[in-house]
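Trainee: Before I ask anything, here is the structure I am working with.
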Amino acid sequence: AFRNIMEYSHWLANPRLVRAIVEEARKTIPWLQARGVVFTDVVTNIPGAPQTYHLIADSGEDVVKALSARAVEKGVTIRTSTPVKEILMKSGGIEGLIVEENGEEVRVDARVVHVASGGYANNAEWIKKYTGLDLNVNLFPVGNEGKMGDGIRMAHAIGAASEGIHVIETLRTGRDRPGTMTEIGFAVVQPDLWVNSRGERFCDETVTFDDTSMGNASVKQDKGCGYTIFDTSIVRQLEERGIDKAMALDFPPGSRLLNLARELEEAPTARADEVYQADSVAALAVLMRVDPPTLQATVDEYNRYCDRGHDELFAKNPRYLRPIRGPRFYAVRTQTVFLGTMGGIKINEKMEVADREDRIVPGLYAGGFDAG
């Protein structure tokens with residue numbers, strides 16, 4: 001596990017921090033269970049991946065509820081709707097906070113401050129500055145609200161070093177969101193033919209099984225959007241054989257999309273600006289507003305690879321080479337979305353914050369999407 005994580009990041013990750021996470025992981029699950037957190041059976045949505053993906057039975061919110069209830073039992077005071085404005089320091093370390101309470105700024109003395117404010121996913125200025133992308137134009141946040149990077153900003157203001165602030169967790173999806181997935185939404189993420197906004201194929205579509213690779217491939221495309229292309233035969237396969245890529249607990253791999261044909265039939269009315277269908281590739285291209293000869297050449301080339309059982313361009317696993325010949329052709333518009341920003345404050349293996357000279361800031365800790 002340690003080597004996997006380090007090599008996945010090309011050793012950009014802090015090896016001592018990774019080692020601490022690996023060693024603590026086994027103890028963390030029963031620790032959470034003892035405090036009321038309920039997990040599902042261990043599952044994974046990546047074929048062949050280690051079975052280490054522990055999902056909460058309902059939602060991540062349940063972890064917060066269970067731990068906050070236990071904290072209150074132990075006498076902890078939790079102040080909601082109390083924005084922190086500033087972290088106070090003295091020569092020896094953390095001194096306290098300035099918070100806003102009932103419209104007034106109030107000092108709270110503290111020897112220890114833990115910054116965990118969820119990153120900066122909703123800060124358009126920072127998204128542009130650190131990723132070069134435009135929030136809600138070619139990059140769309142999922143499950144993030146009001147995350148403006150306040151914790152990161154305050155830590156930097158007292159000398160904390162920055163690490164990993166440009167890293168975001170990207171995915172490629174339709175307009176459906178986790179928790180409200182339609183069967184069209186499941187069809188979009190299957191490893192069939194993907195094209196960009198010019199109608200050109202741009203990756204081995206089995207990157208759908210690895211969120212990071214899928215996000216990397218998608219975010220590079222012009223305008224941050226693209227399409228999944230499929231046809232009548234693939235709709236039938238998804239109905240009879242089921243999906244390859246899962247996106248929800250109640251739809252694991254092999255789940256059959258029994259309502260997909262009906263959803264596609266209703267799409268011209270319900271999802272006219274997102275789902276397109278036609279009786280030819282050229283007519284489909286017109287609806288997508290891409291060059292018809294370009295899309296036709298893409299589909300023809302892809303079908304040749306399918307017929308030969310060998311993807312001469314992207315070396316896609318032949319198992320997922322399924323030709324697209326109609327009689328009905330479909331295109332569903334996709335977007336690059338992200339689940340959060342993934343860095344900002346430099347920490348060590350004890351989650352202590354380091355300053356720009358790599359010295360520990362006594363009493364200051366960071367975690368979650370605020371920490372690099």
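Within each chain, counting starts at residue 1; across the structure tokens, chains are named A, B, ... in the order shown, with ligands numbered 1 upward in that order.
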When you look at A:Thr180 with a cut-off of 10 Å (counting only C-alpha atoms), what residues show up, excluding the ones that are within fewer than 4 positions of it in the same chain? I need them as a ChimeraX atom specification.
Mentor: /A:176,185,248
Trainee: Write out as a PDB file with C-alpha atoms, in the first residue's frame the set of residues from stretch 137-337 of chain A that DSSP, computed on the backbone, places in strand (DSSP E).
Mentor:
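Everything below was put into result_10.pdb:
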ATOM      1  CA  PHE A 140     -17.898  22.321 -12.020  1.00  0.00           C
ATOM      2  CA  PRO A 141     -17.815  21.612  -8.257  1.00  0.00           C
ATOM      3  CA  ILE A 168      -7.879  19.192  -7.570  1.00  0.00           C
ATOM      4  CA  GLU A 169      -9.839  15.927  -7.685  1.00  0.00           C
ATOM      5  CA  THR A 170     -11.371  15.885 -11.175  1.00  0.00           C
ATOM      6  CA  LEU A 171     -13.828  13.505 -12.837  1.00  0.00           C
ATOM      7  CA  ARG A 172     -15.744  13.309 -16.104  1.00  0.00           C
ATOM      8  CA  THR A 173     -19.518  12.960 -15.854  1.00  0.00           C
ATOM      9  CA  LEU A 193     -16.530   6.009 -27.424  1.00  0.00           C
ATOM     10  CA  TRP A 194     -15.633   9.399 -25.934  1.00  0.00           C
ATOM     11  CA  VAL A 195     -15.013  12.483 -28.058  1.00  0.00           C
ATOM     12  CA  ASN A 196     -14.140  16.089 -27.267  1.00  0.00           C
ATOM     13  CA  CYS A 225     -16.547  19.367 -22.274  1.00  0.00           C
ATOM     14  CA  GLY A 226     -17.126  16.463 -24.607  1.00  0.00           C
ATOM     15  CA  TYR A 227     -19.539  13.644 -25.423  1.00  0.00           C
ATOM     16  CA  THR A 228     -20.065   9.939 -24.906  1.00  0.00           C
ATOM     17  CA  ILE A 229     -21.178   8.290 -28.153  1.00  0.00           C
ATOM     18  CA  PHE A 230     -23.148   5.040 -28.271  1.00  0.00           C
ATOM     19  CA  ASP A 231     -25.837   3.327 -30.326  1.00  0.00           C
ATOM     20  CA  VAL A 275     -28.760  14.361 -24.943  1.00  0.00           C
ATOM     21  CA  TYR A 276     -28.749  14.133 -28.740  1.00  0.00           C
ATOM     22  CA  GLN A 277     -29.960  11.334 -31.025  1.00  0.00           C
ATOM     23  CA  ALA A 278     -30.204  10.784 -34.751  1.00  0.00           C
ATOM     24  CA  PHE A 329     -26.963   6.988 -32.617  1.00  0.00           C
ATOM     25  CA  TYR A 330     -26.726   8.847 -29.296  1.00  0.00           C
ATOM     26  CA  ALA A 331     -24.438  11.529 -27.864  1.00  0.00           C
ATOM     27  CA  VAL A 332     -24.552  12.740 -24.254  1.00  0.00           C
ATOM     28  CA  ARG A 333     -22.741  15.934 -23.305  1.00  0.00           C
ATOM     29  CA  THR A 334     -20.134  15.575 -20.559  1.00  0.00           C
ATOM     30  CA  GLN A 335     -18.379  17.962 -18.170  1.00  0.00           C
ATOM     31  CA  THR A 336     -15.220  18.055 -16.121  1.00  0.00           C
ATOM     32  CA  VAL A 337     -16.333  18.128 -12.492  1.00  0.00           C
TER      33      VAL A 337
END
Trainee: Might you pull out every residue within 12 Å of stretch 294-309 of chain A, with only C-alpha atoms counted and same-chain residues fewer than 2 positions away left off, and present them as a PyMOL selection string?
Mentor: chain A and resi 192-205+227-231+280-292+311-326+329+331
Trainee: Just N, CA and C atoms for this one: save the residues we selected as a tab-separated table (two decimals), in the first residue's frame.
Mentor:
chain	number	residue	atom	x	y	z
A	192	ASP	N	-17.19	3.34	-23.50
A	192	ASP	CA	-17.47	3.29	-24.94
A	192	ASP	C	-16.75	4.44	-25.62
A	193	LEU	N	-17.26	4.98	-26.68
A	193	LEU	CA	-16.53	6.01	-27.42
A	193	LEU	C	-16.72	7.39	-26.80
A	194	TRP	N	-15.60	8.04	-26.46
A	194	TRP	CA	-15.63	9.40	-25.93
A	194	TRP	C	-14.99	10.33	-26.95
A	195	VAL	N	-15.61	11.48	-27.16
A	195	VAL	CA	-15.01	12.48	-28.06
A	195	VAL	C	-15.03	13.84	-27.36
A	196	ASN	N	-14.17	14.74	-27.84
A	196	ASN	CA	-14.14	16.09	-27.27
A	196	ASN	C	-15.10	17.00	-28.03
A	197	SER	N	-15.02	18.30	-27.76
A	197	SER	CA	-15.96	19.24	-28.38
A	197	SER	C	-15.72	19.41	-29.88
A	198	ARG	N	-14.63	18.86	-30.40
A	198	ARG	CA	-14.37	18.88	-31.84
A	198	ARG	C	-14.77	17.58	-32.52
A	199	GLY	N	-15.27	16.62	-31.73
A	199	GLY	CA	-15.68	15.34	-32.30
A	199	GLY	C	-14.54	14.36	-32.48
A	200	GLU	N	-13.42	14.60	-31.78
A	200	GLU	CA	-12.24	13.74	-31.89
A	200	GLU	C	-12.09	12.87	-30.64
A	201	ARG	N	-11.70	11.63	-30.82
A	201	ARG	CA	-11.41	10.76	-29.69
A	201	ARG	C	-10.12	11.24	-29.02
A	202	PHE	N	-10.04	11.13	-27.66
A	202	PHE	CA	-8.89	11.72	-26.97
A	202	PHE	C	-8.25	10.82	-25.92
A	203	CYS	N	-8.77	9.60	-25.69
A	203	CYS	CA	-8.16	8.75	-24.68
A	203	CYS	C	-8.63	7.30	-24.82
A	204	ASP	N	-7.97	6.40	-24.10
A	204	ASP	CA	-8.47	5.05	-23.87
A	204	ASP	C	-9.59	5.19	-22.84
A	205	GLU	N	-10.79	4.89	-23.26
A	205	GLU	CA	-11.94	5.17	-22.41
A	205	GLU	C	-12.01	4.33	-21.14
A	227	TYR	N	-18.35	14.47	-25.24
A	227	TYR	CA	-19.54	13.64	-25.42
A	227	TYR	C	-19.18	12.17	-25.29
A	228	THR	N	-20.12	11.38	-24.80
A	228	THR	CA	-20.07	9.94	-24.91
A	228	THR	C	-20.98	9.54	-26.06
A	229	ILE	N	-20.44	8.73	-26.97
A	229	ILE	CA	-21.18	8.29	-28.15
A	229	ILE	C	-21.51	6.81	-28.00
A	230	PHE	N	-22.77	6.45	-28.26
A	230	PHE	CA	-23.15	5.04	-28.27
A	230	PHE	C	-24.32	4.84	-29.22
A	231	ASP	N	-24.77	3.61	-29.36
A	231	ASP	CA	-25.84	3.33	-30.33
A	231	ASP	C	-26.83	2.32	-29.77
A	280	SER	N	-28.20	8.94	-38.12
A	280	SER	CA	-26.90	8.85	-38.78
A	280	SER	C	-25.87	9.63	-37.97
A	281	VAL	N	-24.61	9.29	-38.18
A	281	VAL	CA	-23.53	10.00	-37.47
A	281	VAL	C	-23.49	11.46	-37.91
A	282	ALA	N	-23.69	11.71	-39.20
A	282	ALA	CA	-23.65	13.08	-39.72
A	282	ALA	C	-24.75	13.93	-39.09
A	283	ALA	N	-25.94	13.37	-39.00
A	283	ALA	CA	-27.06	14.12	-38.40
A	283	ALA	C	-26.81	14.35	-36.91
A	284	LEU	N	-26.20	13.36	-36.25
A	284	LEU	CA	-25.87	13.52	-34.83
A	284	LEU	C	-24.87	14.66	-34.65
A	285	ALA	N	-23.88	14.73	-35.54
A	285	ALA	CA	-22.85	15.77	-35.46
A	285	ALA	C	-23.47	17.16	-35.56
A	286	VAL	N	-24.45	17.32	-36.42
A	286	VAL	CA	-25.11	18.62	-36.58
A	286	VAL	C	-25.77	19.04	-35.26
A	287	LEU	N	-26.44	18.08	-34.60
A	287	LEU	CA	-27.08	18.39	-33.32
A	287	LEU	C	-26.05	18.75	-32.24
A	288	MET	N	-24.88	18.08	-32.30
A	288	MET	CA	-23.81	18.33	-31.32
A	288	MET	C	-23.04	19.61	-31.63
A	289	ARG	N	-23.25	20.17	-32.83
A	289	ARG	CA	-22.51	21.34	-33.31
A	289	ARG	C	-21.02	21.04	-33.46
A	290	VAL	N	-20.73	19.86	-33.99
A	290	VAL	CA	-19.35	19.53	-34.36
A	290	VAL	C	-19.32	19.25	-35.86
A	291	ASP	N	-18.13	19.25	-36.43
A	291	ASP	CA	-17.96	19.05	-37.86
A	291	ASP	C	-18.35	17.62	-38.25
A	292	PRO	N	-19.37	17.41	-39.09
A	292	PRO	CA	-19.82	16.05	-39.44
A	292	PRO	C	-18.72	15.15	-40.01
A	311	ASP	N	-6.94	-1.68	-30.66
A	311	ASP	CA	-6.98	-0.22	-30.70
A	311	ASP	C	-5.58	0.28	-31.05
A	312	GLU	N	-5.40	0.66	-32.32
A	312	GLU	CA	-4.07	1.05	-32.78
A	312	GLU	C	-3.65	2.43	-32.28
A	313	LEU	N	-4.59	3.18	-31.72
A	313	LEU	CA	-4.25	4.53	-31.25
A	313	LEU	C	-3.99	4.55	-29.75
A	314	PHE	N	-4.95	4.11	-28.94
A	314	PHE	CA	-4.83	4.24	-27.49
A	314	PHE	C	-4.68	2.90	-26.76
A	315	ALA	N	-4.58	1.79	-27.50
A	315	ALA	CA	-4.31	0.47	-26.90
A	315	ALA	C	-5.36	0.07	-25.86
A	316	LYS	N	-6.61	0.37	-26.16
A	316	LYS	CA	-7.71	0.03	-25.26
A	316	LYS	C	-7.89	-1.49	-25.17
A	317	ASN	N	-8.23	-1.97	-23.99
A	317	ASN	CA	-8.50	-3.39	-23.78
A	317	ASN	C	-9.58	-3.85	-24.77
A	318	PRO	N	-9.30	-4.87	-25.59
A	318	PRO	CA	-10.27	-5.31	-26.61
A	318	PRO	C	-11.64	-5.67	-26.03
A	319	ARG	N	-11.67	-6.05	-24.76
A	319	ARG	CA	-12.95	-6.40	-24.13
A	319	ARG	C	-13.96	-5.25	-24.23
A	320	TYR	N	-13.45	-4.02	-24.28
A	320	TYR	CA	-14.34	-2.86	-24.27
A	320	TYR	C	-14.44	-2.20	-25.65
A	321	LEU	N	-13.97	-2.86	-26.68
A	321	LEU	CA	-14.09	-2.34	-28.04
A	321	LEU	C	-15.43	-2.79	-28.62
A	322	ARG	N	-16.43	-1.91	-28.55
A	322	ARG	CA	-17.78	-2.24	-29.01
A	322	ARG	C	-18.14	-1.28	-30.15
A	323	PRO	N	-18.36	-1.79	-31.36
A	323	PRO	CA	-18.59	-0.91	-32.51
A	323	PRO	C	-19.89	-0.12	-32.39
A	324	ILE	N	-19.95	0.99	-33.11
A	324	ILE	CA	-21.10	1.89	-33.10
A	324	ILE	C	-21.61	2.03	-34.53
A	325	ARG	N	-22.71	1.31	-34.84
A	325	ARG	CA	-23.22	1.28	-36.21
A	325	ARG	C	-24.72	1.55	-36.30
A	326	GLY	N	-25.35	1.92	-35.21
A	326	GLY	CA	-26.77	2.26	-35.26
A	326	GLY	C	-27.68	1.06	-35.04
A	329	PHE	N	-28.21	6.51	-33.21
A	329	PHE	CA	-26.96	6.99	-32.62
A	329	PHE	C	-27.27	8.02	-31.53
A	331	ALA	N	-25.56	10.78	-28.44
A	331	ALA	CA	-24.44	11.53	-27.86
A	331	ALA	C	-24.94	12.21	-26.60
Trainee: Excluding A:Ala160 and residues on its chain fewer than 5 positions from it, collect all residues at most 8 Å away from it, counting only C-alpha atoms, and give them as a list in words.
Mentor: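 After dropping sequence-adjacent residues, the list is Ala155, Ile345, Lys346, Val353, Ala354, Asp355, Arg356 and Val361 of chain A.
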Trainee: With N, CA and C atoms retained, export the selected residues as a PDB file, in the first residue's frame.
Mentor:
ATOM      1  N   ALA A 155      -3.911  30.465   7.617  1.00  0.00           N
ATOM      2  CA  ALA A 155      -2.663  29.777   7.953  1.00  0.00           C
ATOM      3  C   ALA A 155      -1.486  30.404   7.217  1.00  0.00           C
ATOM      4  N   ILE A 345      -1.896  23.740   2.680  1.00  0.00           N
ATOM      5  CA  ILE A 345      -1.037  23.974   3.832  1.00  0.00           C
ATOM      6  C   ILE A 345      -0.069  22.801   3.979  1.00  0.00           C
ATOM      7  N   LYS A 346       1.203  23.095   4.128  1.00  0.00           N
ATOM      8  CA  LYS A 346       2.195  22.031   4.268  1.00  0.00           C
ATOM      9  C   LYS A 346       2.166  21.467   5.693  1.00  0.00           C
ATOM     10  N   VAL A 353       1.646  21.836  11.198  1.00  0.00           N
ATOM     11  CA  VAL A 353       1.882  22.751  10.085  1.00  0.00           C
ATOM     12  C   VAL A 353       3.337  23.213  10.089  1.00  0.00           C
ATOM     13  N   ALA A 354       3.928  23.241   8.892  1.00  0.00           N
ATOM     14  CA  ALA A 354       5.310  23.708   8.728  1.00  0.00           C
ATOM     15  C   ALA A 354       5.313  25.114   8.140  1.00  0.00           C
ATOM     16  N   ASP A 355       6.287  25.931   8.555  1.00  0.00           N
ATOM     17  CA  ASP A 355       6.390  27.273   7.979  1.00  0.00           C
ATOM     18  C   ASP A 355       7.280  27.239   6.748  1.00  0.00           C
ATOM     19  N   ARG A 356       7.580  28.422   6.198  1.00  0.00           N
ATOM     20  CA  ARG A 356       8.321  28.485   4.935  1.00  0.00           C
ATOM     21  C   ARG A 356       9.783  28.101   5.087  1.00  0.00           C
ATOM     22  N   VAL A 361       5.089  25.049  13.255  1.00  0.00           N
ATOM     23  CA  VAL A 361       4.384  26.139  13.921  1.00  0.00           C
ATOM     24  C   VAL A 361       3.719  25.524  15.152  1.00  0.00           C
TER      25      VAL A 361
END
Trainee: Near A:Arg26, counting only C-alpha atoms, which residues have an atom at most 12 Å away, once you skip same-chain residues fewer than 6 positions from it, shown as a PyMOL selection string?
Mentor: chain A and resi 1+20+32-33+52-54
Trainee: Export, as a PDB file, in the first residue's frame, the selected residues with C-alpha atoms.
Mentor:
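Result saved to selection.pdb:
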ATOM      1  CA  ALA A   1       0.000   0.000   0.000  1.00  0.00           C
ATOM      2  CA  ALA A  20       1.541   7.217   9.082  1.00  0.00           C
ATOM      3  CA  LEU A  32     -14.958   5.049  13.954  1.00  0.00           C
ATOM      4  CA  GLN A  33     -17.298   2.067  14.287  1.00  0.00           C
ATOM      5  CA  THR A  52      -9.613  -1.068   0.760  1.00  0.00           C
ATOM      6  CA  TYR A  53     -12.429   1.293  -0.212  1.00  0.00           C
ATOM      7  CA  HIS A  54     -14.569   1.663   2.923  1.00  0.00           C
TER       8      HIS A  54
END
Trainee: A:Met89, A:Val64, A:Leu133, A:Ala187: which is nearest A:Val112, counting only C-alpha atoms?
Mentor: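 Counting only C-alpha atoms, the residue closest to A:Val112 is A:Met89.
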Trainee: Using only C-alpha atoms for the distances, tell me which of A:Ile184, A:Ala217, A:Ile234, A:Asn4 is nearest to A:Glu263.
Mentor: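 Of the candidates, the smallest distance to A:Glu263 is held by A:Ile184.
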Trainee: Of the candidates A:Arg177, A:Arg35, A:His156, A:Arg328, which one gets nearest to A:Glu265 if we count only C-alpha atoms?
Mentor: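 Counting only C-alpha atoms, the residue closest to A:Glu265 is A:Arg328.
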Trainee: If we count only C-alpha atoms and set the cut-off at 8 Å, which residues sit around A:Leu238, ignoring sequence neighbours fewer than 4 positions away in its own chain? Please answer as a tab-separated table (two decimals) with C-alpha atoms, in the first residue's frame.
Mentor:
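Result file part-v9.tsv:
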chain	number	residue	atom	x	y	z
A	187	ALA	CA	-24.34	5.27	-19.63
A	234	ILE	CA	-24.84	-0.61	-26.72
A	242	GLY	CA	-25.29	-4.39	-17.32
A	243	ILE	CA	-22.75	-1.68	-16.64
A	256	ARG	CA	-28.79	-3.58	-15.80
A	257	LEU	CA	-30.06	-0.25	-17.13
A	258	LEU	CA	-33.65	-1.36	-17.66
